[in-house]
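Source file: input_34.cif; contents: mmCIF, C-alpha atoms and all ligand atoms.
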data_my_file
loop_
_atom_site.label_atom_id
_atom_site.label_comp_id
_atom_site.auth_asym_id
_atom_site.auth_seq_id
_atom_site.Cartn_x
_atom_site.Cartn_y
_atom_site.Cartn_z
CA MET E 1 -32.20 60.17 -12.19
CA PRO E 2 -32.55 56.39 -12.40
CA ARG E 3 -29.48 54.48 -13.48
CA LEU E 4 -31.54 51.98 -15.52
CA GLU E 5 -34.82 53.20 -16.95
CA LEU E 6 -37.49 51.48 -19.03
CA THR E 7 -40.03 53.27 -21.21
CA THR E 8 -42.74 51.33 -23.00
CA ALA E 9 -45.09 52.31 -25.83
CA GLY E 10 -47.76 50.58 -27.85
CA GLU E 11 -51.46 49.81 -27.84
CA SER E 12 -53.11 46.44 -27.26
CA HIS E 13 -54.18 46.13 -30.92
CA GLY E 14 -51.66 48.52 -32.47
CA PRO E 15 -48.92 47.34 -34.80
CA ALA E 16 -46.39 46.60 -32.05
CA LEU E 17 -45.22 47.13 -28.47
CA LEU E 18 -41.95 48.89 -27.84
CA ALA E 19 -39.53 48.86 -24.90
CA VAL E 20 -36.58 51.24 -24.62
CA LEU E 21 -34.14 50.44 -21.84
CA VAL E 22 -31.61 53.17 -21.07
CA GLY E 23 -28.58 52.46 -18.88
CA VAL E 24 -27.67 48.89 -19.83
CA PRO E 25 -23.87 48.67 -19.35
CA ALA E 26 -21.72 47.83 -22.37
CA GLY E 27 -20.32 44.34 -22.77
CA LEU E 28 -23.32 42.29 -21.63
CA GLU E 29 -23.72 39.12 -23.72
CA LEU E 30 -27.45 39.40 -24.39
CA ASP E 31 -29.28 36.13 -24.95
CA VAL E 32 -32.27 37.14 -27.08
CA ALA E 33 -33.71 33.60 -27.06
CA ARG E 34 -34.02 33.88 -23.28
CA ILE E 35 -36.03 37.11 -23.62
CA ASP E 36 -38.36 35.25 -25.99
CA ALA E 37 -38.64 32.34 -23.53
CA THR E 38 -39.70 34.77 -20.79
CA LEU E 39 -42.26 36.36 -23.14
CA ALA E 40 -43.60 32.87 -23.87
CA ARG E 41 -43.92 32.25 -20.12
CA ARG E 42 -46.01 35.45 -19.78
CA GLN E 43 -48.41 34.05 -22.37
CA ARG E 44 -48.93 30.83 -20.44
CA GLY E 45 -51.21 29.89 -17.58
CA TYR E 46 -54.43 27.95 -17.27
CA GLY E 47 -57.28 30.47 -17.40
CA ARG E 48 -55.96 32.72 -20.14
CA GLY E 49 -58.24 33.64 -23.02
CA ALA E 50 -58.24 33.60 -26.83
CA ARG E 51 -55.85 36.54 -27.32
CA MET E 52 -52.86 34.61 -26.03
CA ALA E 53 -53.58 31.81 -28.50
CA ILE E 54 -53.31 34.39 -31.31
CA GLU E 55 -50.12 36.14 -30.25
CA HIS E 56 -46.69 34.47 -30.34
CA ASP E 57 -44.51 37.13 -28.79
CA ARG E 58 -40.96 37.45 -30.05
CA VAL E 59 -38.62 40.31 -29.59
CA GLU E 60 -36.77 42.17 -32.33
CA VAL E 61 -33.73 44.07 -31.07
CA LEU E 62 -33.63 47.45 -32.81
CA SER E 63 -30.66 49.08 -31.08
CA GLY E 64 -28.02 48.82 -28.40
CA LEU E 65 -26.53 45.51 -29.57
CA ARG E 66 -23.62 44.55 -31.81
CA ARG E 67 -22.60 40.95 -32.41
CA GLY E 68 -24.59 39.83 -29.41
CA ARG E 69 -23.04 42.30 -26.94
CA THR E 70 -24.56 45.49 -25.60
CA LEU E 71 -22.93 48.79 -26.54
CA GLY E 72 -24.01 50.95 -23.59
CA SER E 73 -26.50 52.76 -25.82
CA PRO E 74 -30.30 52.45 -25.33
CA VAL E 75 -31.61 48.94 -25.99
CA ALA E 76 -34.80 49.21 -28.06
CA LEU E 77 -37.02 46.16 -28.38
CA ARG E 78 -40.06 45.59 -30.58
CA ILE E 79 -42.77 42.97 -30.15
CA ALA E 80 -45.17 42.76 -33.10
CA ASN E 81 -48.91 42.32 -32.50
CA ARG E 82 -50.53 39.74 -34.76
CA ASP E 83 -53.92 41.22 -33.96
CA ALA E 84 -53.29 44.83 -35.02
CA SER E 85 -56.92 45.73 -35.67
CA ILE E 86 -56.95 48.95 -33.61
CA ASN E 87 -58.55 51.06 -36.34
CA ASP E 88 -61.28 48.52 -37.08
CA LEU E 89 -62.43 47.75 -33.56
CA PRO E 90 -65.84 49.07 -32.48
CA ALA E 91 -66.37 51.89 -29.99
CA VAL E 92 -66.86 50.92 -26.33
CA THR E 93 -69.57 53.03 -24.70
CA ARG E 94 -70.61 50.69 -21.85
CA PRO E 95 -67.64 50.94 -19.43
CA ARG E 96 -66.62 47.88 -17.41
CA PRO E 97 -66.61 48.35 -13.63
CA GLY E 98 -63.10 47.67 -12.35
CA HIS E 99 -61.32 48.44 -15.62
CA ALA E 100 -59.87 51.82 -16.57
CA ASP E 101 -62.78 52.48 -18.97
CA LEU E 102 -64.93 55.09 -17.21
CA ALA E 103 -62.16 56.75 -15.20
CA GLY E 104 -60.13 57.05 -18.42
CA MET E 105 -63.12 58.45 -20.36
CA MET E 106 -63.47 61.13 -17.70
CA LYS E 107 -59.72 61.83 -17.82
CA TYR E 108 -59.51 62.25 -21.59
CA GLY E 109 -63.04 63.56 -22.21
CA THR E 110 -63.92 60.76 -24.63
CA ARG E 111 -67.14 58.76 -24.98
CA ASP E 112 -65.26 55.83 -26.54
CA ALA E 113 -63.45 53.69 -23.97
CA ARG E 114 -61.58 51.98 -26.83
CA ASP E 115 -59.29 55.04 -26.79
CA VAL E 116 -58.59 54.27 -23.12
CA LEU E 117 -58.42 50.50 -22.89
CA GLU E 118 -56.03 50.11 -25.81
CA ARG E 119 -53.25 51.43 -23.58
CA ALA E 120 -54.62 50.60 -20.13
CA SER E 121 -54.82 46.92 -21.12
CA ALA E 122 -52.16 44.59 -19.77
CA ARG E 123 -50.93 43.76 -23.28
CA GLU E 124 -48.44 46.53 -22.43
CA THR E 125 -46.84 44.19 -19.90
CA ALA E 126 -45.26 42.21 -22.77
CA ALA E 127 -42.94 45.21 -23.26
CA ARG E 128 -42.21 45.42 -19.54
CA VAL E 129 -41.42 41.70 -19.46
CA ALA E 130 -39.00 42.10 -22.38
CA GLY E 131 -37.21 44.99 -20.61
CA GLY E 132 -37.21 43.05 -17.34
CA ALA E 133 -35.69 40.03 -19.06
CA VAL E 134 -32.72 42.21 -20.05
CA ALA E 135 -32.46 43.48 -16.45
CA SER E 136 -32.48 39.85 -15.26
CA GLN E 137 -29.53 39.09 -17.53
CA ILE E 138 -27.58 42.05 -16.11
CA LEU E 139 -28.30 40.75 -12.60
CA GLU E 140 -27.40 37.15 -13.43
CA ALA E 141 -24.08 38.28 -14.87
CA LEU E 142 -23.47 39.85 -11.44
CA GLY E 143 -24.49 36.79 -9.41
CA VAL E 144 -28.10 37.79 -8.64
CA ARG E 145 -31.02 35.58 -9.63
CA VAL E 146 -34.65 36.77 -9.70
CA VAL E 147 -37.45 34.18 -9.81
CA GLY E 148 -41.19 34.88 -9.92
CA TYR E 149 -44.04 32.40 -9.54
CA LEU E 150 -47.65 32.04 -8.48
CA ARG E 151 -48.20 31.80 -4.73
CA SER E 152 -52.00 31.48 -4.69
CA LEU E 153 -54.94 31.54 -7.07
CA GLY E 154 -58.30 32.65 -5.70
CA SER E 155 -58.47 30.99 -2.30
CA VAL E 156 -56.10 28.11 -3.23
CA ASP E 157 -52.61 28.52 -1.70
CA ALA E 158 -49.41 26.86 -2.86
CA ALA E 159 -48.67 24.58 0.09
CA ASP E 160 -45.09 23.61 -0.58
CA VAL E 161 -42.60 26.05 -2.10
CA PRO E 162 -39.03 24.72 -1.93
CA ASP E 163 -36.06 26.90 -0.97
CA ASP E 164 -33.88 25.78 -3.85
CA LEU E 165 -34.31 28.20 -6.79
CA ASP E 166 -33.47 25.57 -9.43
CA GLU E 167 -36.18 23.34 -8.00
CA ILE E 168 -38.67 26.25 -7.90
CA VAL E 169 -37.96 27.01 -11.57
CA ARG E 170 -38.17 23.35 -12.57
CA ARG E 171 -41.53 22.89 -10.87
CA ARG E 172 -42.86 26.30 -11.99
CA ASP E 173 -42.04 25.66 -15.63
CA ALA E 174 -43.79 22.28 -15.50
CA SER E 175 -46.92 23.82 -13.97
CA PRO E 176 -49.92 25.10 -15.95
CA PHE E 177 -50.22 27.77 -13.23
CA LEU E 178 -46.51 28.73 -13.06
CA CYS E 179 -46.74 27.55 -9.47
CA PRO E 180 -43.95 25.54 -7.81
CA ASP E 181 -46.42 23.42 -5.80
CA ALA E 182 -47.85 20.64 -7.97
CA THR E 183 -50.19 19.44 -5.22
CA SER E 184 -52.38 22.54 -5.53
CA ALA E 185 -52.87 22.22 -9.33
CA ALA E 186 -56.09 20.19 -9.13
CA ALA E 187 -57.76 22.68 -6.77
CA MET E 188 -56.57 25.62 -8.91
CA THR E 189 -57.94 23.97 -12.07
CA ALA E 190 -61.28 23.41 -10.36
CA ALA E 191 -61.39 27.04 -9.19
CA VAL E 192 -60.72 28.40 -12.71
CA ASP E 193 -63.21 26.00 -14.30
CA ALA E 194 -65.91 26.99 -11.81
CA ALA E 195 -65.27 30.70 -12.37
CA ARG E 196 -65.35 30.22 -16.15
CA ALA E 197 -68.62 28.28 -15.94
CA ALA E 198 -70.12 31.09 -13.88
CA GLY E 199 -68.92 33.77 -16.33
CA ASP E 200 -66.71 35.10 -13.54
CA THR E 201 -63.02 35.78 -12.93
CA LEU E 202 -60.32 35.18 -10.29
CA GLY E 203 -57.19 36.89 -8.96
CA GLY E 204 -54.22 35.61 -7.01
CA VAL E 205 -50.96 36.35 -5.25
CA VAL E 206 -47.59 36.35 -7.01
CA GLU E 207 -44.22 36.05 -5.27
CA VAL E 208 -40.73 37.06 -6.39
CA VAL E 209 -37.47 35.99 -4.75
CA ALA E 210 -34.14 37.64 -5.57
CA ARG E 211 -31.08 35.74 -4.34
CA GLY E 212 -27.53 37.08 -4.34
CA MET E 213 -28.18 40.80 -3.87
CA PRO E 214 -25.23 42.24 -1.92
CA PRO E 215 -25.95 44.17 1.29
CA GLY E 216 -25.99 47.96 1.24
CA VAL E 217 -28.01 48.55 -1.94
CA GLY E 218 -30.83 51.09 -1.84
CA GLY E 219 -30.93 54.06 0.50
CA PHE E 220 -32.68 56.24 3.03
CA ALA E 221 -31.06 59.65 2.54
CA LEU E 222 -34.24 60.60 0.72
CA PRO E 223 -37.53 58.72 1.03
CA GLU E 224 -37.52 57.96 -2.71
CA HIS E 225 -34.20 56.11 -2.37
CA ARG E 226 -35.81 53.40 -0.22
CA LEU E 227 -35.74 50.07 -2.00
CA ASP E 228 -38.92 48.78 -0.35
CA GLY E 229 -40.79 51.82 -1.67
CA ARG E 230 -39.28 51.41 -5.13
CA LEU E 231 -40.24 47.73 -5.26
CA GLY E 232 -43.71 48.42 -3.86
CA GLY E 233 -44.31 51.16 -6.42
CA ALA E 234 -43.10 49.03 -9.30
CA LEU E 235 -45.35 46.12 -8.27
CA LEU E 236 -48.40 48.36 -7.78
CA ARG E 237 -47.80 49.84 -11.23
CA ILE E 238 -48.68 46.43 -12.72
CA GLN E 239 -52.30 46.39 -13.91
CA ALA E 240 -54.73 44.90 -11.34
CA MET E 241 -52.23 44.75 -8.43
CA LYS E 242 -53.88 46.08 -5.29
CA ALA E 243 -51.53 45.21 -2.40
CA VAL E 244 -47.87 44.47 -1.85
CA GLU E 245 -46.01 42.65 0.92
CA ILE E 246 -42.30 42.58 1.70
CA GLY E 247 -41.08 39.70 3.87
CA LEU E 248 -43.76 38.91 6.46
CA GLY E 249 -45.80 41.83 5.12
CA PHE E 250 -49.23 42.32 6.68
CA ALA E 251 -48.66 39.39 9.07
CA ALA E 252 -45.89 41.35 10.85
CA SER E 253 -48.44 43.87 12.13
CA ARG E 254 -50.09 41.19 14.27
CA LEU E 255 -46.87 39.86 15.87
CA HIS E 256 -44.44 41.02 18.55
CA GLY E 257 -41.10 42.57 17.63
CA SER E 258 -39.32 39.50 18.96
CA GLU E 259 -41.24 37.38 16.44
CA VAL E 260 -40.55 39.67 13.51
CA HIS E 261 -36.97 40.95 13.50
CA ASP E 262 -34.07 38.92 12.20
CA GLY E 263 -31.29 38.27 14.73
CA ILE E 264 -27.75 39.14 13.63
CA VAL E 265 -25.25 36.30 14.11
CA PRO E 266 -21.51 36.00 13.41
CA ASP E 267 -20.54 34.40 10.12
CA ALA E 268 -17.07 33.21 9.20
CA ALA E 269 -17.29 34.21 5.53
CA HIS E 270 -19.26 37.45 5.65
CA GLY E 271 -18.76 38.76 9.21
CA THR E 272 -22.52 38.58 9.91
CA ARG E 273 -25.64 36.90 8.65
CA ARG E 274 -29.28 36.78 9.72
CA ALA E 275 -30.77 33.90 11.70
CA THR E 276 -34.05 34.37 9.80
CA ASN E 277 -35.26 36.52 6.92
CA ARG E 278 -38.67 37.79 7.94
CA ALA E 279 -37.80 41.29 6.71
CA GLY E 280 -37.62 40.00 3.14
CA GLY E 281 -34.04 41.17 2.69
CA ILE E 282 -34.57 44.90 3.26
CA GLU E 283 -34.04 47.07 6.35
CA GLY E 284 -34.11 50.85 6.26
CA GLY E 285 -34.76 50.75 2.55
CA VAL E 286 -31.41 48.98 2.04
CA THR E 287 -30.62 45.34 1.21
CA THR E 288 -29.37 43.17 4.08
CA GLY E 289 -27.76 40.56 1.82
CA GLU E 290 -30.52 38.03 2.50
CA ASP E 291 -33.06 37.05 -0.18
CA VAL E 292 -35.31 39.90 -1.29
CA VAL E 293 -38.84 38.46 -0.99
CA VAL E 294 -41.90 40.35 -2.22
CA ARG E 295 -45.50 39.48 -2.98
CA ALA E 296 -48.28 41.29 -4.83
CA ALA E 297 -52.02 40.63 -4.73
CA MET E 298 -53.94 40.77 -7.99
CA LYS E 299 -57.65 41.47 -8.00
CA PRO E 300 -59.99 39.33 -10.15
CA LEU E 301 -60.14 40.58 -13.76
CA SER E 302 -62.85 43.11 -14.48
CA THR E 303 -64.08 41.84 -17.85
CA LEU E 304 -66.83 39.40 -16.90
CA ARG E 305 -68.60 37.18 -19.40
CA ARG E 306 -71.63 37.64 -17.16
CA PRO E 307 -71.29 41.42 -17.08
CA LEU E 308 -71.87 43.79 -14.19
CA ALA E 309 -74.13 46.83 -14.24
CA SER E 310 -73.00 49.82 -16.27
CA VAL E 311 -74.36 52.89 -18.02
CA ASP E 312 -74.22 53.56 -21.76
CA VAL E 313 -72.45 56.92 -21.94
CA LEU E 314 -74.21 57.77 -25.24
CA THR E 315 -77.71 57.45 -23.75
CA GLY E 316 -77.39 57.45 -19.96
CA ASP E 317 -79.38 54.18 -19.86
CA ALA E 318 -78.68 51.40 -17.40
CA VAL E 319 -77.10 48.54 -19.38
CA GLU E 320 -74.76 45.59 -18.96
CA ALA E 321 -71.03 46.34 -19.25
CA THR E 322 -69.16 45.58 -22.47
CA VAL E 323 -67.74 42.08 -22.82
CA GLU E 324 -64.27 42.18 -24.40
CA ARG E 325 -62.24 39.07 -25.26
CA SER E 326 -60.68 38.35 -21.88
CA ASP E 327 -58.96 35.94 -19.49
CA VAL E 328 -60.64 34.14 -16.56
CA CYS E 329 -57.47 34.43 -14.48
CA ALA E 330 -54.16 36.05 -15.43
CA ALA E 331 -52.40 35.70 -12.08
CA PRO E 332 -49.88 33.12 -13.45
CA ALA E 333 -48.93 35.58 -16.21
CA ALA E 334 -48.75 38.39 -13.68
CA SER E 335 -46.02 36.46 -11.84
CA VAL E 336 -43.82 36.91 -14.93
CA VAL E 337 -44.57 40.64 -14.98
CA ALA E 338 -43.77 40.89 -11.26
CA GLU E 339 -40.45 39.10 -11.84
CA ALA E 340 -39.67 41.62 -14.60
CA VAL E 341 -40.40 44.75 -12.59
CA VAL E 342 -38.48 43.45 -9.56
CA ALA E 343 -35.49 42.73 -11.82
CA LEU E 344 -35.70 46.26 -13.24
CA VAL E 345 -35.76 47.88 -9.78
CA LEU E 346 -32.95 45.71 -8.40
CA ALA E 347 -30.74 46.16 -11.47
CA ASP E 348 -31.28 49.93 -11.29
CA ALA E 349 -30.37 50.01 -7.58
CA LEU E 350 -27.37 47.72 -8.01
CA LEU E 351 -25.93 49.77 -10.89
CA GLU E 352 -26.52 52.92 -8.86
CA LYS E 353 -24.37 51.36 -6.12
CA THR E 354 -21.57 50.12 -8.38
CA GLY E 355 -21.48 52.75 -11.11
CA GLY E 356 -19.63 51.64 -14.23
CA ASP E 357 -20.16 52.00 -17.97
CA ALA E 358 -19.16 48.47 -18.93
CA MET E 359 -19.91 45.13 -17.28
CA GLU E 360 -16.26 44.59 -16.43
CA GLU E 361 -16.14 47.84 -14.49
CA VAL E 362 -19.46 47.08 -12.80
CA ARG E 363 -18.17 43.64 -11.80
CA ARG E 364 -14.92 45.06 -10.43
CA ASN E 365 -16.74 47.65 -8.35
CA LEU E 366 -19.25 45.11 -7.09
CA ASP E 367 -16.49 42.69 -6.06
CA ALA E 368 -14.80 45.52 -4.13
CA HIS E 369 -18.09 46.37 -2.40
CA ARG E 370 -18.73 42.74 -1.46
CA ARG E 371 -15.21 42.45 -0.04
CA ALA E 372 -15.67 45.66 1.96
CA CYS E 373 -18.96 44.36 3.41
CA ASP E 374 -17.33 41.05 4.40
CA ALA E 375 -14.45 42.90 6.09
CA LEU E 376 -16.62 45.45 7.92
CA VAL E 377 -17.26 43.36 11.03
CA GLY E 378 -14.60 41.80 13.22
CA ARG E 379 -11.69 42.65 15.54
CA LEU E 380 -9.70 45.56 14.21
CA PRO E 381 -6.01 44.93 13.60
CA PRO E 382 -3.74 46.32 16.37
CA PRO E 383 -3.07 50.04 15.91
CA ASP E 384 0.04 50.91 13.96
CA ARG E 385 2.65 51.89 16.62
CA ALA E 386 5.29 52.90 14.19
CA GLY E 387 6.72 56.30 14.94
C1 LIG F 401 -50.98 39.80 -17.17
C2 LIG F 401 -52.29 40.52 -17.02
C3 LIG F 401 -53.36 40.17 -17.84
C4 LIG F 401 -54.58 40.82 -17.73
N1 LIG F 401 -55.62 40.42 -18.52
C5 LIG F 401 -56.84 41.02 -18.37
C6 LIG F 401 -57.96 40.56 -19.11
O1 LIG F 401 -57.87 39.66 -19.96
N2 LIG F 401 -59.16 41.16 -18.89
C7 LIG F 401 -59.31 42.16 -17.97
O2 LIG F 401 -60.41 42.67 -17.80
N3 LIG F 401 -58.26 42.63 -17.26
C8 LIG F 401 -57.04 42.08 -17.43
N4 LIG F 401 -55.97 42.52 -16.67
C9 LIG F 401 -56.19 43.60 -15.69
C10 LIG F 401 -56.47 44.95 -16.30
O3 LIG F 401 -55.46 45.32 -17.22
C11 LIG F 401 -56.60 46.02 -15.19
O4 LIG F 401 -57.51 45.59 -14.23
C12 LIG F 401 -57.04 47.34 -15.76
O5 LIG F 401 -56.00 47.88 -16.56
C13 LIG F 401 -57.41 48.39 -14.70
O6 LIG F 401 -56.33 48.69 -13.86
P1 LIG F 401 -56.40 48.41 -12.27
O7 LIG F 401 -57.01 47.07 -12.09
O8 LIG F 401 -54.99 48.47 -11.81
O9 LIG F 401 -57.26 49.49 -11.66
C14 LIG F 401 -54.74 41.87 -16.77
C15 LIG F 401 -53.66 42.23 -15.95
C16 LIG F 401 -52.44 41.56 -16.06
C17 LIG F 401 -51.30 41.95 -15.17
#

As structure tokens, the full file:
Amino acid sequence: MPRLELTTAGESHGPALLAVLVGVPAGLELDVARIDATLARRQRGYGRGARMAIEHDRVEVLSGLRRGRTLGSPVALRIANRDASINDLPAVTRPRPGHADLAGMMKYGTRDARDVLERASARETAARVAGGAVASQILEALGVRVVGYLRSLGSVDAADVPDDLDEIVRRRDASPFLCPDATSAAAMTAAVDAARAAGDTLGGVVEVVARGMPPGVGGFALPEHRLDGRLGGALLRIQAMKAVEIGLGFAASRLHGSEVHDGIVPDAAHGTRRATNRAGGIEGGVTTGEDVVVRAAMKPLSTLRRPLASVDVLTGDAVEATVERSDVCAAPAASVVAEAVVALVLADALLEKTGGDAMEEVRRNLDAHRRACDALVGRLPPPDRAG
């Protein structure tokens, strides 16, 4: 059973989205304004469509909180939809290739893809981002920081991503693409504008770095304990994500072992450290204590203003696919969703390691674990000769 578990509910044009997070320790000072700031970041990004201009996401905390501190009970969050027209929207009978429309119609036996897309739509990710923002606050209170940003958009790569997380956040938050490399902004703008003019869409790659995770979190006793698998699954469960990399990722398959693995060197403070971090902070499904670094590739959005071929399910005729209100590129927003799901997985794994019902207990157990890791390596004291 997961230690920290998020359930979401809500349709794209229903009254609200809901997030219920079970397993938040008691005694966390929850900053609700910071959850709202993260929701606002998810709504940003050059290339987003009209819907995001309508919605102004804010979270209402329904449970789990008293006088600003968590109680240990489930934290329920509600985000109202301004556009709550679900019952008035027309039927969708011309499924969009690449969306969940036709596959979902087959699954549920319906000829109206509206019944499908209302939940398959990525509006749901607002609830995941809210839950992830709580997970981020648990992690930050324990000395772990998770930062997500855009790594590339279409074929335009971010050239210069600094190592310093404060600098990444500063640059990211000043960027219309949530990208820490300002020099690529002009090329990204041109790419989005050209796609929009052509009635087309674009994808991108998002990256998340988690700094401060202690070593020894995750597991391999069972395959499902492996942290790389848990992160990969969580990232692929974001709408439109089609590939995931950890550390060097796909590039590692083309290199020699000597070019891939991270040498272990002595370290005065921690006993050991790694000379490099090509593994992305995970070996054997367990954290090494280096940064956890993951990337996910998002396909171009499937709602095209110049639509692709489809079939009207009411007639069987060849037609053009439905055109819903849609973004040209949502990869910047997806970086916020990726940050959220990584925070949820890492907070779950960390709490599983530490146990603890209240933050104070979690902190105590984590400090003891960190001390034990630091003391693991080194010359053993002389054996006790007494007696
Ligand atoms: C933040 C975000 C925003 C999205 N916005 C749109 C959109 O405006 N139009 C669209 O067609 N797809 C959008 N998508 C992608 C679809 O939700 C997704 O392609 C669809 O649910 C089918 O799932 P699949 O691509 O994983 O197969 C978005 C995805 C994310 C993560």

Return as CSV the residues of range 115-175 of chain E lying at most 12 Å from range 79-102 of chain E, together with the closest atom-to-atom pair for each and the distance in Å to one decimal, counting only C-alpha atoms, with rows in chain order and ascending residue number.
residue,atom,partner,partner_atom,distance
E:Asp115,CA,E:Ala91,CA,8.4
E:Val116,CA,E:Asp101,CA,6.2
E:Leu117,CA,E:Asp101,CA,6.2
E:Glu118,CA,E:Ile86,CA,7.9
E:Arg119,CA,E:Ala100,CA,9.6
E:Ala120,CA,E:Ala100,CA,6.5
E:Ser121,CA,E:Ala100,CA,8.4
E:Ala122,CA,E:His99,CA,10.8
E:Arg123,CA,E:Asn81,CA,9.5
E:Glu124,CA,E:Ile79,CA,10.2
E:Thr125,CA,E:Ile79,CA,11.1
E:Ala126,CA,E:Ile79,CA,7.8
E:Ala127,CA,E:Ile79,CA,7.2
E:Arg128,CA,E:Ile79,CA,10.9
E:Val129,CA,E:Ile79,CA,10.8
E:Ala130,CA,E:Ile79,CA,8.7
E:Gly131,CA,E:Ile79,CA,11.2

Same residues, C-alpha atoms, output as a compact mmCIF listing (two decimals), keeping the file's coordinate frame:
# COMPACT_ATOMS: atom_id res chain seq x y z
CA ASP E 115 -59.29 55.04 -26.79
CA VAL E 116 -58.59 54.27 -23.12
CA LEU E 117 -58.42 50.50 -22.89
CA GLU E 118 -56.03 50.11 -25.81
CA ARG E 119 -53.25 51.43 -23.58
CA ALA E 120 -54.62 50.60 -20.13
CA SER E 121 -54.82 46.92 -21.12
CA ALA E 122 -52.16 44.59 -19.77
CA ARG E 123 -50.93 43.76 -23.28
CA GLU E 124 -48.44 46.53 -22.43
CA THR E 125 -46.84 44.19 -19.90
CA ALA E 126 -45.26 42.21 -22.77
CA ALA E 127 -42.94 45.21 -23.26
CA ARG E 128 -42.21 45.42 -19.54
CA VAL E 129 -41.42 41.70 -19.46
CA ALA E 130 -39.00 42.10 -22.38
CA GLY E 131 -37.21 44.99 -20.61

Fewer than 3 positions away in the same chain doesn't count, so skip those; otherwise give me all residues within 7 Å of Glu339 in chain E, counting all atoms listed in the file, as number ranges by chain.
-> E: 146-148, 208, 335-336, 342-343

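Pairwise distance (CA of Val20 in chain E, CA of Ser63 in chain E) equals 9.0 Å.
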
Taking all atoms of range 105-112 of chain E that the file lists and extending 6 Å past them on each side, where is the centre of the axis-aligned box and how long are its edges? Answer in Å to one decimal, as lines of an AutoDock Vina configuration file.
center_x = -63.3
center_y = 59.7
center_z = -22.1
size_x = 19.6
size_y = 19.7
size_z = 20.8

Considering all atoms listed in the file, return as a PyMOL selection string whatever protein or nucleic-acid residues lie within 9 Å of range 263-269 of chain E, sequence-local ones (same chain, fewer than 6 positions apart) excluded.
-> chain E and resi 275-277+374+377

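Near ligand LIG 401 (chain F), the residues found within 6 Å are His99, Ala100, Ala120, Ser121, Ala122, Ile238, Gln239, Ala240, Met241, Leu301, Ser302, Thr303, Ser326, Asp327, Ala330, Ala333 and Ala334 of chain E (criterion computed using all atoms listed in the file).
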
Closest of E:Pro223, E:Gly199, E:Gly257, E:Pro25 to Leu142 in chain E - atom-to-atom distances counting only C-alpha atoms | E:Pro25

Can you work out which one of E:Gly14, E:Gly23, E:Gly285, E:Gly45 has the shortest atom-to-atom distance to Glu224 in chain E, counting only C-alpha atoms?
-> E:Gly285

For Ser155 in chain E, which residue out of E:Thr7, E:Ser184, E:Ser73, E:Thr315 is the nearest one, using all atoms listed in the file?
-> E:Ser184

Using all atoms listed in the file, determine which residues lie at most 12 Å from Arg211 in chain E, disregarding the query and same-chain residues fewer than 2 positions distant; provide the list as a VMD selection string.
-> chain E and resid 136 139 to 140 142 to 148 163 to 166 208 to 209 213 to 215 280 to 281 287 to 294 342 to 343 346

Set the distance at 10 Å and use all atoms listed in the file: which residues neighbour Arg305 in chain E once local chain neighbours fewer than 3 positions away are removed? I'd like the list as a tab-separated table (two decimals) with C-alpha atoms, in the frame of the given file.
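Saved the output as selection_22.tsv:
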chain	number	residue	atom	x	y	z
E	196	ARG	CA	-65.35	30.22	-16.15
E	197	ALA	CA	-68.62	28.28	-15.94
E	198	ALA	CA	-70.12	31.09	-13.88
E	199	GLY	CA	-68.92	33.77	-16.33
E	200	ASP	CA	-66.71	35.10	-13.54
E	201	THR	CA	-63.02	35.78	-12.93
E	302	SER	CA	-62.85	43.11	-14.48
E	308	LEU	CA	-71.87	43.79	-14.19
E	321	ALA	CA	-71.03	46.34	-19.25
E	322	THR	CA	-69.16	45.58	-22.47
E	323	VAL	CA	-67.74	42.08	-22.82
E	324	GLU	CA	-64.27	42.18	-24.40
E	325	ARG	CA	-62.24	39.07	-25.26
E	326	SER	CA	-60.68	38.35	-21.88
E	327	ASP	CA	-58.96	35.94	-19.49
E	328	VAL	CA	-60.64	34.14	-16.56

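Distances from E:Leu231, E:Ala251, E:Ala318, E:Ala194 to Val286 in chain E were compared using only C-alpha atoms, and the smallest one belongs to E:Leu231.
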
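Atom pair CA of Arg295 in chain E / CA of Ala279 in chain E has a distance of 12.5 Å (rounded to one decimal).
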
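Between CA of Leu4 in chain E and CA of Gly212 in chain E the separation is 19.1 Å.
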
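Between Arg172 in chain E and the residues E:Arg226, E:Arg364, E:Arg114, E:Arg41, the shortest atom-to-atom distance, using all atoms listed in the file, involves E:Arg41.
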
Nearest residue to Pro162 in chain E from the set E:His256, E:Leu150, E:Lys242, E:Asp181 (distances using only C-alpha atoms) = E:Asp181

Residues at most 9 Å from Ile35 in chain E, counting all atoms listed in the file, excluding those fewer than 4 positions away in the same chain, as a PDB file with C-alpha atoms, in the coordinates of the input?
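As a result, result-v8.pdb now contains:
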ATOM      1  CA  LEU E  30     -27.450  39.400 -24.390  1.00  0.00           C
ATOM      2  CA  ASP E  31     -29.280  36.130 -24.950  1.00  0.00           C
ATOM      3  CA  LEU E  39     -42.260  36.360 -23.140  1.00  0.00           C
ATOM      4  CA  ALA E  40     -43.600  32.870 -23.870  1.00  0.00           C
ATOM      5  CA  ARG E  58     -40.960  37.450 -30.050  1.00  0.00           C
ATOM      6  CA  VAL E  59     -38.620  40.310 -29.590  1.00  0.00           C
ATOM      7  CA  VAL E 129     -41.420  41.700 -19.460  1.00  0.00           C
ATOM      8  CA  ALA E 130     -39.000  42.100 -22.380  1.00  0.00           C
ATOM      9  CA  GLY E 131     -37.210  44.990 -20.610  1.00  0.00           C
ATOM     10  CA  GLY E 132     -37.210  43.050 -17.340  1.00  0.00           C
ATOM     11  CA  ALA E 133     -35.690  40.030 -19.060  1.00  0.00           C
ATOM     12  CA  VAL E 134     -32.720  42.210 -20.050  1.00  0.00           C
TER      13      VAL E 134
END
